[in-house]
Amino acid sequence: MDEMKDVILEYVTEEYLEEDDDEISFDTPLISGGIVDSFSMVSLKRFLENKYSISIPDDKATPEAFDSVNKIAVLVQEFVK
Amino acid sequence: MSFNDTVRGVYQEQLKSIKDAGIFKQERFIHSSQAADIEVEFPTGSSLKKVINMCANNYLGLSSHPEVVKAAHEGLDARGYGMSSVRFICGTQDIHRDLENQVTEFLGTEDTVLFPSCMDANAGVFEAILTKDDVMISDRLVHASIIDGIRLCAAEHDTFKHSNMKHLEKKLQLHADKRLKVVITDGVFSMDGDTAKLDEMVTLCEKHDAMVFVDDSHSSGFIGKTGRGTHEKCGVFGKIDIITTTFGKALGGASGGCVSGRRELVEMCRQKARPYLFSNTMAPVVVSGVIKVLEILSGSTERRDKLEENTAYWRKGLTEAGFVLKEGDTPIVPVMLFNAKLSQDISKDLYDEGIYAIGFFFPVVPQGQARIRTQISASHEKHHLDKALEAFIKVGKKYDILGKTKQEIIEKFGA
C-alpha cells in the first residue's frame, strides 16, 4: 500500500503540478483543492488502470474517490487481485 | 409529476447552495448600446449609473459602429429577418456563402462553415471529425465550450499542462498508436490573456502527425499584424488545420461563429455536426453586419493598431502603479488579487468609482488566483483609460496592495 501511494504521488506530481507549485502529501485535496480538475482526471485513471492492470468503472471513478492520494490508493486496492 | 412544492424545494435548495458558495450570477442591465461609456441599472431597480466599460469583448469597438449598424439595416431590408429553416433544407442565402468565403480568405484557410455560435462550433466539431480510434489532446485551460465538445465525442481524450510543450510531446508519444490525433488549444486564453505557443505546437504536430485545432475567439480581428489571429502572430498562417472563432466578440459582437480549416474537415461538419444540422444558422441581419466588419478590417489595421496602443498604455499604467498583472501583450489584462473576497470587494469599489470591471475566482479561475479581468477596446480613448487608472489606484491604496508582491498580498488577505 505504501509503495502504491508513493507511485501515485509521483505520478500526480509529475502530471499535474507546475515547477513552482508547493509539494503535495498523501492527504492533499486534489480535486476539491483545484490541483487536478475533474476533466483532466482521465489521464490519472488511465495511468492507474495500465499500471495495476485493472479496470475502474466510471461510477467508481468519482471526483470524491480521486480527491487525495490516500483515497485513490484505497480505490485501487478494491480492484487489484 | 407536476411542479409541486417538493420539486420546487429541490431547485430552491440548489439555488441556495449556489448563493451560499458566492457564485450566484446576477445580470446587470445596460440601458444603452455596447460601448466604452454605458449606462447601467445595478442593482436591479436602482437609478442608472454612467460607467466606463472595462469588461466587454468589444475589442475593436465595432459592436455599435455606424457602418456596421447601417449594413445590418440594409441586410434586414434586403434579406429579411429570419430563415425559418436549418441550412441544408432552405436556410442558406447567398450572403451566408459570401460570408463563409470572406472568412476563409481572412483567416487564410481552405473553407469555412458558419454556426449559430462558437459555442455550437466547438460543441459540434469534434464529434463530426473523430471516432473512437482517435485521440484529442487538449491544453488544460481551454474554454468550457471545447470541454463540452470533447465530452460529446467518442474519441479518447487526454490533456497537457497549460502551454507546456514538453508535456504535450510526451502525450503525443503516449498516443502514437492512434489513427488520428488532434491537439486542441485556445489561441488567446480568455482568463489569463496569454497566447498559445502555436509555432512550437505546429512543429511538434508535424513531427508526430497530429492536427492542430485553435479556438481564436479572443484573437480574430486584432491579434497579428493585420488582425488575422494567433496563427498570424506566431508565424504559422495557413498551417492550422481547424480554427473556430466567434462573431460575438471583436468581429461585431452580435452572435454567430464558425469552423474554418481544411476543406474535408469543414465538409464533415456540414455533413455531421449536430448544431449545424439541427439549428438555424446566423440571421441575415447579423451576417450582413459581419460582412461589413470584415470589409472594414481588410481595408485598414487602424482599429487593431489603436487597440495595441491602448493595451500597452493600460498595462504600463497599472504596472507603474504597482499592481501585480498576468504577463502578456493581449487586450485581456488580469489584475491579480489572489483572494476571492478581495476581488469582489475591489470590483464593487471600482463600480462605485464609475468603472465596470468584474472579479473572477475559483472555480472560474484556479484556486488562489482570483483577479479583476480588464479588457481593453479600440473604443477606449485616453481619457477613459486615465479615469479607470485613477480609480484603480484609489481603490488599490484603500486596500494597500500597490507595490506589494503576490506573496505579500496573500499574506495579508489569504489565497
# chains A, B, ... in the order shown; residues from 1 in each chain; ligands from 1

$ closest_atom_pairs --of "range 4-47 of chain A" --to "range 51-62 of chain A" --cutoff "10 Å" --atoms "only C-alpha atoms" --output "tab-separated table"
residue	atom	partner	partner_atom	distance
A:Met4	CA	A:Tyr52	CA	9.5
A:Val7	CA	A:Lys51	CA	9.6
A:Ile8	CA	A:Lys51	CA	9.9
A:Ile31	CA	A:Thr62	CA	10.0
A:Ser38	CA	A:Thr62	CA	8.6
A:Met41	CA	A:Ala61	CA	9.0
A:Val42	CA	A:Ala61	CA	9.2
A:Lys45	CA	A:Ala61	CA	7.5
A:Arg46	CA	A:Lys51	CA	8.4
A:Phe47	CA	A:Lys51	CA	5.9

$ write_last_selection --atoms "all heavy atoms" --output "mmCIF file, in the first residue's frame"
data_model
loop_
_atom_site.group_PDB
_atom_site.id
_atom_site.type_symbol
_atom_site.label_atom_id
_atom_site.label_comp_id
_atom_site.auth_asym_id
_atom_site.auth_seq_id
_atom_site.Cartn_x
_atom_site.Cartn_y
_atom_site.Cartn_z
ATOM 1 N N MET A 4 2.458 1.729 -3.296
ATOM 2 C CA MET A 4 1.455 2.200 -4.256
ATOM 3 C C MET A 4 1.233 3.708 -4.086
ATOM 4 O O MET A 4 1.152 4.452 -5.061
ATOM 5 C CB MET A 4 0.144 1.440 -4.045
ATOM 6 C CG MET A 4 -0.958 1.859 -5.009
ATOM 7 S SD MET A 4 -2.534 1.114 -4.610
ATOM 8 C CE MET A 4 -2.319 -0.551 -5.186
ATOM 9 N N VAL A 7 3.970 5.666 -5.652
ATOM 10 C CA VAL A 7 3.874 5.658 -7.120
ATOM 11 C C VAL A 7 2.827 6.677 -7.583
ATOM 12 O O VAL A 7 3.059 7.458 -8.511
ATOM 13 C CB VAL A 7 3.513 4.239 -7.635
ATOM 14 C CG1 VAL A 7 3.140 4.285 -9.116
ATOM 15 C CG2 VAL A 7 4.673 3.282 -7.403
ATOM 16 N N ILE A 8 1.686 6.662 -6.893
ATOM 17 C CA ILE A 8 0.591 7.586 -7.284
ATOM 18 C C ILE A 8 1.009 9.039 -7.039
ATOM 19 O O ILE A 8 0.792 9.917 -7.879
ATOM 20 C CB ILE A 8 -0.713 7.258 -6.518
ATOM 21 C CG1 ILE A 8 -1.195 5.851 -6.881
ATOM 22 C CG2 ILE A 8 -1.801 8.284 -6.823
ATOM 23 C CD1 ILE A 8 -2.333 5.319 -6.009
ATOM 24 N N ILE A 31 -8.818 17.207 -6.146
ATOM 25 C CA ILE A 31 -9.889 17.752 -6.980
ATOM 26 C C ILE A 31 -10.495 18.984 -6.300
ATOM 27 O O ILE A 31 -10.531 20.063 -6.873
ATOM 28 C CB ILE A 31 -11.003 16.704 -7.224
ATOM 29 C CG1 ILE A 31 -10.402 15.362 -7.665
ATOM 30 C CG2 ILE A 31 -12.042 17.244 -8.203
ATOM 31 C CD1 ILE A 31 -10.137 15.170 -9.104
ATOM 32 N N SER A 38 -11.547 17.962 -12.717
ATOM 33 C CA SER A 38 -12.217 16.681 -12.976
ATOM 34 C C SER A 38 -12.091 16.272 -14.443
ATOM 35 O O SER A 38 -12.084 15.101 -14.773
ATOM 36 C CB SER A 38 -13.693 16.777 -12.575
ATOM 37 O OG SER A 38 -14.300 17.847 -13.247
ATOM 38 N N MET A 41 -8.774 14.476 -14.977
ATOM 39 C CA MET A 41 -8.647 13.266 -14.149
ATOM 40 C C MET A 41 -8.468 12.021 -15.014
ATOM 41 O O MET A 41 -7.971 10.998 -14.568
ATOM 42 C CB MET A 41 -9.945 13.128 -13.348
ATOM 43 C CG MET A 41 -9.801 12.676 -11.935
ATOM 44 S SD MET A 41 -11.456 12.719 -11.198
ATOM 45 C CE MET A 41 -12.226 11.289 -11.932
ATOM 46 N N VAL A 42 -8.881 12.128 -16.280
ATOM 47 C CA VAL A 42 -8.890 10.969 -17.180
ATOM 48 C C VAL A 42 -7.506 10.338 -17.328
ATOM 49 O O VAL A 42 -7.379 9.108 -17.376
ATOM 50 C CB VAL A 42 -9.485 11.381 -18.551
ATOM 51 C CG1 VAL A 42 -8.687 12.479 -19.202
ATOM 52 C CG2 VAL A 42 -9.598 10.211 -19.480
ATOM 53 N N LYS A 45 -6.744 8.228 -14.228
ATOM 54 C CA LYS A 45 -7.490 6.957 -14.255
ATOM 55 C C LYS A 45 -6.806 5.978 -15.215
ATOM 56 O O LYS A 45 -6.594 4.801 -14.890
ATOM 57 C CB LYS A 45 -8.930 7.231 -14.695
ATOM 58 C CG LYS A 45 -9.801 5.980 -14.804
ATOM 59 C CD LYS A 45 -11.252 6.377 -15.065
ATOM 60 C CE LYS A 45 -12.174 5.185 -15.156
ATOM 61 N NZ LYS A 45 -12.167 4.524 -16.451
ATOM 62 N N ARG A 46 -6.418 6.465 -16.388
ATOM 63 C CA ARG A 46 -5.778 5.592 -17.373
ATOM 64 C C ARG A 46 -4.444 5.070 -16.845
ATOM 65 O O ARG A 46 -4.101 3.902 -17.014
ATOM 66 C CB ARG A 46 -5.562 6.365 -18.683
ATOM 67 C CG ARG A 46 -5.019 5.507 -19.816
ATOM 68 C CD ARG A 46 -5.074 6.220 -21.145
ATOM 69 N NE ARG A 46 -4.732 7.624 -21.014
ATOM 70 C CZ ARG A 46 -5.509 8.622 -21.409
ATOM 71 N NH1 ARG A 46 -6.652 8.382 -21.981
ATOM 72 N NH2 ARG A 46 -5.127 9.865 -21.247
ATOM 73 N N PHE A 47 -3.696 5.954 -16.158
ATOM 74 C CA PHE A 47 -2.413 5.544 -15.584
ATOM 75 C C PHE A 47 -2.609 4.405 -14.577
ATOM 76 O O PHE A 47 -1.908 3.393 -14.612
ATOM 77 C CB PHE A 47 -1.741 6.743 -14.896
ATOM 78 C CG PHE A 47 -0.592 6.363 -14.006
ATOM 79 C CD1 PHE A 47 0.636 6.013 -14.543
ATOM 80 C CD2 PHE A 47 -0.752 6.319 -12.622
ATOM 81 C CE1 PHE A 47 1.685 5.626 -13.724
ATOM 82 C CE2 PHE A 47 0.289 5.948 -11.796
ATOM 83 C CZ PHE A 47 1.514 5.598 -12.351
#

$ interface_residues --of "chain B" --to "chain A" --cutoff "7 Å" --atoms "only C-alpha atoms" --output "number ranges by chain"
B: 158-159, 161, 366-367

$ select_by_dssp --residues "range 8-257 of chain B" --states "alpha helix (DSSP H)" --output "PyMOL selection string"
chain B and resi 8-20+66-79+87-90+94-107+118-129+144-151+165-174+198-207+230-233

$ atom_distance --atom1 "CA of Gln369 in chain B" --atom2 "CA of Lys406 in chain B"
9.9 Å

$ residues_around --residues "Met1 in chain A" --least-positions-apart "5" --cutoff "9 Å" --atoms "only C-alpha atoms" --output "PDB file with N, CA and C atoms, in the first residue's frame"
ATOM      1  N   ASP A   6       3.300   5.893  -2.957  1.00  0.00           N
ATOM      2  CA  ASP A   6       4.466   6.618  -3.488  1.00  0.00           C
ATOM      3  C   ASP A   6       4.382   6.748  -5.008  1.00  0.00           C
ATOM      4  N   ALA A  73      -5.538   5.337  -3.495  1.00  0.00           N
ATOM      5  CA  ALA A  73      -4.926   4.042  -3.162  1.00  0.00           C
ATOM      6  C   ALA A  73      -5.975   3.062  -2.637  1.00  0.00           C
ATOM      7  N   VAL A  74      -6.903   3.582  -1.817  1.00  0.00           N
ATOM      8  CA  VAL A  74      -7.980   2.722  -1.292  1.00  0.00           C
ATOM      9  C   VAL A  74      -8.835   2.205  -2.449  1.00  0.00           C
ATOM     10  N   GLN A  77      -6.978  -0.443  -4.487  1.00  0.00           N
ATOM     11  CA  GLN A  77      -6.899  -1.709  -3.744  1.00  0.00           C
ATOM     12  C   GLN A  77      -8.140  -2.574  -3.973  1.00  0.00           C
TER      13      GLN A  77
END

$ closest_residue --among "B:Asn57, B:Ser33, B:Ser379, B:Ser298" --to "Gly248 in chain B" --atoms "only C-alpha atoms"
B:Asn57

$ residues_around --residues "Ser279 in chain B" --least-positions-apart "5" --cutoff "10 Å" --atoms "only C-alpha atoms" --output "list in words"
Ser84, Ser85, Val86, Arg87, Gly91, Phe115, Pro116, Asp120 and Arg274 of chain B

$ closest_residue --among "B:Glu267, B:Glu381, B:Asp352, B:Glu169" --to "Thr112 in chain B" --atoms "only C-alpha atoms"
B:Glu267
